[in-house]
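Structure first, commentary second.
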Amino acid sequence: MSECTHDCSTCQENCGERETQDLSAKLNPAASVKKVIAVVSGKGGVGKSLVTGLLASKMQSRGYQAAVLDADITGPSIPKSFGIHEHARGTEELLIPCYSNKGTQIMSVNLILDNETDPVVWRGPVIAGVVTQFWSDVLWDNVDYMFVDMPPGTGDVPLTVFQSLPIDGIVIVTSPQELVSMIVAKAVNMAKLMNIPVLGIVENMSYFKCPDCGKEHEIFGASKVDAVAKEYGIKHTARLPIDPVIATMVDAGEIESINADALDELADFIEKGENS
């Protein structure tokens, strides 16, 4: 074994003195973000962006400064749901986030593309780099709660977010289908690998409430969210219905006007912290 130079970047030895590489991205000194919550899902199409927008809107309505960092670079839907279609402005050094009608700060790739319908045909490392820049090169203004809308799965971008951003906890979004337990397990296990607490699970499309009789119908089968939460020791759960009104309001850019009482308990927990 050669003499140690304490430069681990060029060393192939796995010794006790080996330093852990710090991959965290630094927030710009002019920016301020207090809490960062990642909203994740094991698969696409379960309503992750919906839950992200609803949680941000709920915290904004409680008097906090909320923000959404849209890390779903190839499928960005956050700006449209908040009714934002303009381009983000910037200085020579920083991007300035767009603001929703009720003051939520938003940064998404759609806000810097020439046209919001342009496809993002980029390779993984480029996408991961953009997400990191959305953290470090944006003038986040006194943000109390930032919600990160993650791409589905456990690939490059989720790994980049977990390693680069100071994530305080994750919220898992799922649906009632049979594979839900396995899909949630992947998200939970990734969070454990990264030492990040799971704050709660939201089961979207959990039921349909008949507008005539008020009876709830479980279109995709019986809810499994409480059983899955118990299996993995997750305290807080929520169930969101299939509701055409919600879909219409999101399409119209009115997510901030949606009544999402089902998320109140989870929002309380996020607001009070892990000791609640």
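Just so we're on the same page: first chain in the structure tokens is A, next is B, and so on; residues restart at 1 for each chain, and ligands are numbered from 1 in the order they show up.
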
Find the spatial neighbours of Pro29 (chain A), counting only C-alpha atoms, within a cut-off of 12 Å - ignore same-chain residues fewer than 4 positions away - and output them as a CSV table (one decimal) with all heavy atoms, in the first residue's frame.
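Contents of selection36.csv, as written:
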```
chain,number,residue,atom,x,y,z
A,33,VAL,N,-34.4,28.9,2.1
A,33,VAL,CA,-35.4,27.9,2.1
A,33,VAL,C,-35.2,27.1,3.5
A,33,VAL,O,-34.1,26.7,3.8
A,33,VAL,CB,-35.2,26.9,1.0
A,33,VAL,CG1,-36.2,25.7,1.1
A,33,VAL,CG2,-35.2,27.6,-0.4
A,93,GLU,N,-26.8,36.3,-12.7
A,93,GLU,CA,-26.4,35.3,-11.8
A,93,GLU,C,-27.5,34.4,-11.4
A,93,GLU,O,-27.2,33.2,-11.0
A,93,GLU,CB,-25.8,36.0,-10.5
A,93,GLU,CG,-24.5,36.6,-10.8
A,93,GLU,CD,-24.3,37.9,-10.0
A,93,GLU,OE1,-25.1,38.2,-9.2
A,93,GLU,OE2,-23.3,38.6,-10.3
A,94,LEU,N,-28.7,34.8,-11.3
A,94,LEU,CA,-29.8,34.0,-10.7
A,94,LEU,C,-31.1,34.1,-11.6
A,94,LEU,O,-31.4,35.0,-12.3
A,94,LEU,CB,-30.2,34.6,-9.4
A,94,LEU,CG,-29.1,34.4,-8.2
A,94,LEU,CD1,-29.5,35.2,-7.0
A,94,LEU,CD2,-29.1,32.9,-7.9
A,135,TRP,N,-32.1,24.4,-7.7
A,135,TRP,CA,-31.9,24.6,-6.3
A,135,TRP,C,-30.9,25.8,-6.0
A,135,TRP,O,-31.2,26.7,-5.3
A,135,TRP,CB,-31.4,23.3,-5.6
A,135,TRP,CG,-30.9,23.5,-4.2
A,135,TRP,CD1,-29.6,23.6,-3.8
A,135,TRP,CD2,-31.7,23.7,-3.0
A,135,TRP,NE1,-29.6,23.8,-2.4
A,135,TRP,CE2,-30.8,23.9,-1.9
A,135,TRP,CE3,-33.1,23.8,-2.8
A,135,TRP,CZ2,-31.3,24.1,-0.6
A,135,TRP,CZ3,-33.6,24.0,-1.5
A,135,TRP,CH2,-32.7,24.1,-0.4
A,136,SER,N,-29.8,25.7,-6.7
A,136,SER,CA,-28.7,26.6,-6.4
A,136,SER,C,-28.7,27.9,-7.1
A,136,SER,O,-28.1,28.9,-6.7
A,136,SER,CB,-27.3,25.9,-6.6
A,136,SER,OG,-27.2,25.4,-7.9
A,137,ASP,N,-29.3,28.0,-8.3
A,137,ASP,CA,-29.3,29.2,-9.1
A,137,ASP,C,-30.6,29.9,-9.2
A,137,ASP,O,-30.8,30.7,-10.1
A,137,ASP,CB,-28.8,28.8,-10.6
A,137,ASP,CG,-27.4,28.2,-10.6
A,137,ASP,OD1,-26.7,28.4,-9.6
A,137,ASP,OD2,-27.0,27.7,-11.6
A,138,VAL,N,-31.5,29.7,-8.3
A,138,VAL,CA,-32.8,30.4,-8.3
A,138,VAL,C,-32.9,31.2,-7.0
A,138,VAL,O,-32.5,30.8,-5.9
A,138,VAL,CB,-34.0,29.3,-8.3
A,138,VAL,CG1,-35.3,30.0,-8.1
A,138,VAL,CG2,-33.9,28.6,-9.7
A,139,LEU,N,-33.4,32.4,-7.1
A,139,LEU,CA,-33.6,33.3,-6.0
A,139,LEU,C,-34.9,32.9,-5.2
A,139,LEU,O,-35.9,33.6,-5.3
A,139,LEU,CB,-33.6,34.7,-6.5
A,139,LEU,CG,-33.7,35.8,-5.4
A,139,LEU,CD1,-32.5,35.7,-4.5
A,139,LEU,CD2,-33.8,37.2,-6.0
A,140,TRP,N,-34.8,31.9,-4.5
A,140,TRP,CA,-35.9,31.5,-3.6
A,140,TRP,C,-36.0,32.5,-2.5
A,140,TRP,O,-35.1,32.6,-1.7
A,140,TRP,CB,-35.7,30.1,-3.1
A,140,TRP,CG,-35.6,29.0,-4.1
A,140,TRP,CD1,-34.5,28.3,-4.5
A,140,TRP,CD2,-36.7,28.5,-5.0
A,140,TRP,NE1,-34.8,27.4,-5.5
A,140,TRP,CE2,-36.1,27.5,-5.8
A,140,TRP,CE3,-38.0,28.8,-5.1
A,140,TRP,CZ2,-36.9,26.8,-6.7
A,140,TRP,CZ3,-38.8,28.1,-6.0
A,140,TRP,CH2,-38.3,27.2,-6.8
A,141,ASP,N,-37.2,33.1,-2.4
A,141,ASP,CA,-37.3,34.3,-1.5
A,141,ASP,C,-38.0,33.9,-0.2
A,141,ASP,O,-39.2,33.7,-0.1
A,141,ASP,CB,-38.1,35.4,-2.2
A,141,ASP,CG,-38.1,36.7,-1.4
A,141,ASP,OD1,-37.4,36.8,-0.4
A,141,ASP,OD2,-38.9,37.5,-1.7
A,142,ASN,N,-37.2,33.7,0.9
A,142,ASN,CA,-37.7,33.4,2.2
A,142,ASN,C,-38.8,32.3,2.2
A,142,ASN,O,-39.9,32.4,2.8
A,142,ASN,CB,-38.3,34.7,2.9
A,142,ASN,CG,-37.2,35.7,3.1
A,142,ASN,OD1,-36.2,35.4,3.7
A,142,ASN,ND2,-37.5,36.9,2.8
```

Quiz item: Where does DSSP see helix (DSSP H, G or I) in region 92-223 of chain A, if you list the residues as a PyMOL selection string?
Solution: chain A and resi 109-111+124-136+156-164+180-193

Practice problem: Find the spatial neighbours of Ala262 (chain A), counting only C-alpha atoms, within a cut-off of 6 Å - ignore same-chain residues fewer than 2 positions away - and output them as a ChimeraX atom specification. | Solution: /A:238,260,264

Emit the selected residues as a PDB file, in the first residue's frame, including C-alpha atoms.
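As written to disk, again26.pdb reads:
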```
ATOM      1  CA  ALA A 238     -54.564  10.391   3.327  1.00  0.00           C
ATOM      2  CA  ALA A 260     -58.258  19.326  -0.114  1.00  0.00           C
ATOM      3  CA  ASP A 264     -55.114  18.465   6.526  1.00  0.00           C
TER       4      ASP A 264
END
```

Quiz item: Using the chain letters and numbers from this document, which residues of region 66-258 of chain A does DSSP assign to strand (DSSP E), as an NGL selection string?
Solution: :A and (66-70 or 89-90 or 95-96 or 98-99 or 105-107 or 143-149 or 169-174 or 198-203 or 208-209 or 216-217 or 237-239)

Could the residues in this selection be written to a file with C-alpha atoms, as a PDB file, in the first residue's frame?
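Result file follows (selection_22.pdb):
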```pdb
ATOM      1  CA  ALA A  66     -44.521  27.944  -0.092  1.00  0.00           C
ATOM      2  CA  ALA A  67     -42.598  26.968  -3.201  1.00  0.00           C
ATOM      3  CA  VAL A  68     -42.533  24.147  -5.737  1.00  0.00           C
ATOM      4  CA  LEU A  69     -39.348  22.969  -7.398  1.00  0.00           C
ATOM      5  CA  ASP A  70     -40.516  20.929 -10.384  1.00  0.00           C
ATOM      6  CA  ARG A  89     -36.964  36.099 -15.548  1.00  0.00           C
ATOM      7  CA  GLY A  90     -33.396  36.280 -14.396  1.00  0.00           C
ATOM      8  CA  LEU A  95     -33.162  32.884 -12.049  1.00  0.00           C
ATOM      9  CA  ILE A  96     -36.204  34.445 -10.440  1.00  0.00           C
ATOM     10  CA  CYS A  98     -42.560  32.748 -11.071  1.00  0.00           C
ATOM     11  CA  TYR A  99     -45.333  33.465  -8.593  1.00  0.00           C
ATOM     12  CA  GLN A 105     -43.062  30.399  -5.878  1.00  0.00           C
ATOM     13  CA  ILE A 106     -42.600  28.058  -8.840  1.00  0.00           C
ATOM     14  CA  MET A 107     -39.608  26.936 -10.880  1.00  0.00           C
ATOM     15  CA  VAL A 143     -39.372  30.037   1.538  1.00  0.00           C
ATOM     16  CA  ASP A 144     -40.801  28.268   4.588  1.00  0.00           C
ATOM     17  CA  TYR A 145     -41.803  25.043   2.807  1.00  0.00           C
ATOM     18  CA  MET A 146     -40.483  23.876  -0.536  1.00  0.00           C
ATOM     19  CA  PHE A 147     -42.140  20.872  -2.164  1.00  0.00           C
ATOM     20  CA  VAL A 148     -40.097  19.034  -4.796  1.00  0.00           C
ATOM     21  CA  ASP A 149     -42.198  17.334  -7.479  1.00  0.00           C
ATOM     22  CA  GLY A 169     -38.764  14.199   4.504  1.00  0.00           C
ATOM     23  CA  ILE A 170     -40.703  12.562   1.707  1.00  0.00           C
ATOM     24  CA  VAL A 171     -44.383  12.053   0.962  1.00  0.00           C
ATOM     25  CA  ILE A 172     -45.223   8.964  -1.086  1.00  0.00           C
ATOM     26  CA  VAL A 173     -48.126   9.068  -3.538  1.00  0.00           C
ATOM     27  CA  THR A 174     -49.726   5.860  -4.701  1.00  0.00           C
ATOM     28  CA  VAL A 198     -41.149   9.127   5.243  1.00  0.00           C
ATOM     29  CA  LEU A 199     -43.718  11.648   6.474  1.00  0.00           C
ATOM     30  CA  GLY A 200     -46.824  10.041   5.005  1.00  0.00           C
ATOM     31  CA  ILE A 201     -48.546   8.191   2.176  1.00  0.00           C
ATOM     32  CA  VAL A 202     -51.289   9.663   0.021  1.00  0.00           C
ATOM     33  CA  GLU A 203     -53.543   7.244  -1.842  1.00  0.00           C
ATOM     34  CA  PHE A 208     -65.471   7.845  -6.171  1.00  0.00           C
ATOM     35  CA  LYS A 209     -68.225   9.574  -4.214  1.00  0.00           C
ATOM     36  CA  GLU A 216     -68.329   5.955  -1.838  1.00  0.00           C
ATOM     37  CA  HIS A 217     -67.339   3.427  -4.510  1.00  0.00           C
ATOM     38  CA  THR A 237     -52.047   8.624   5.530  1.00  0.00           C
ATOM     39  CA  ALA A 238     -54.564  10.391   3.327  1.00  0.00           C
ATOM     40  CA  ARG A 239     -57.077   9.325   0.675  1.00  0.00           C
TER      41      ARG A 239
END
```

Self-check item: Given only C-alpha atoms as the counted atoms, nearest of A:Val225, A:Met205, A:Leu55, A:Ile73 to Leu240 (chain A)
Solution: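 Among A:Val225, A:Met205, A:Leu55, A:Ile73, it is A:Met205 that comes nearest to Leu240 (chain A).
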
Self-check item: Residue with smallest distance to Asn204 (chain A) - pool A:Glu231, A:Asp243, A:Asp156, A:Asp168, counting only C-alpha atoms
Solution: A:Asp243
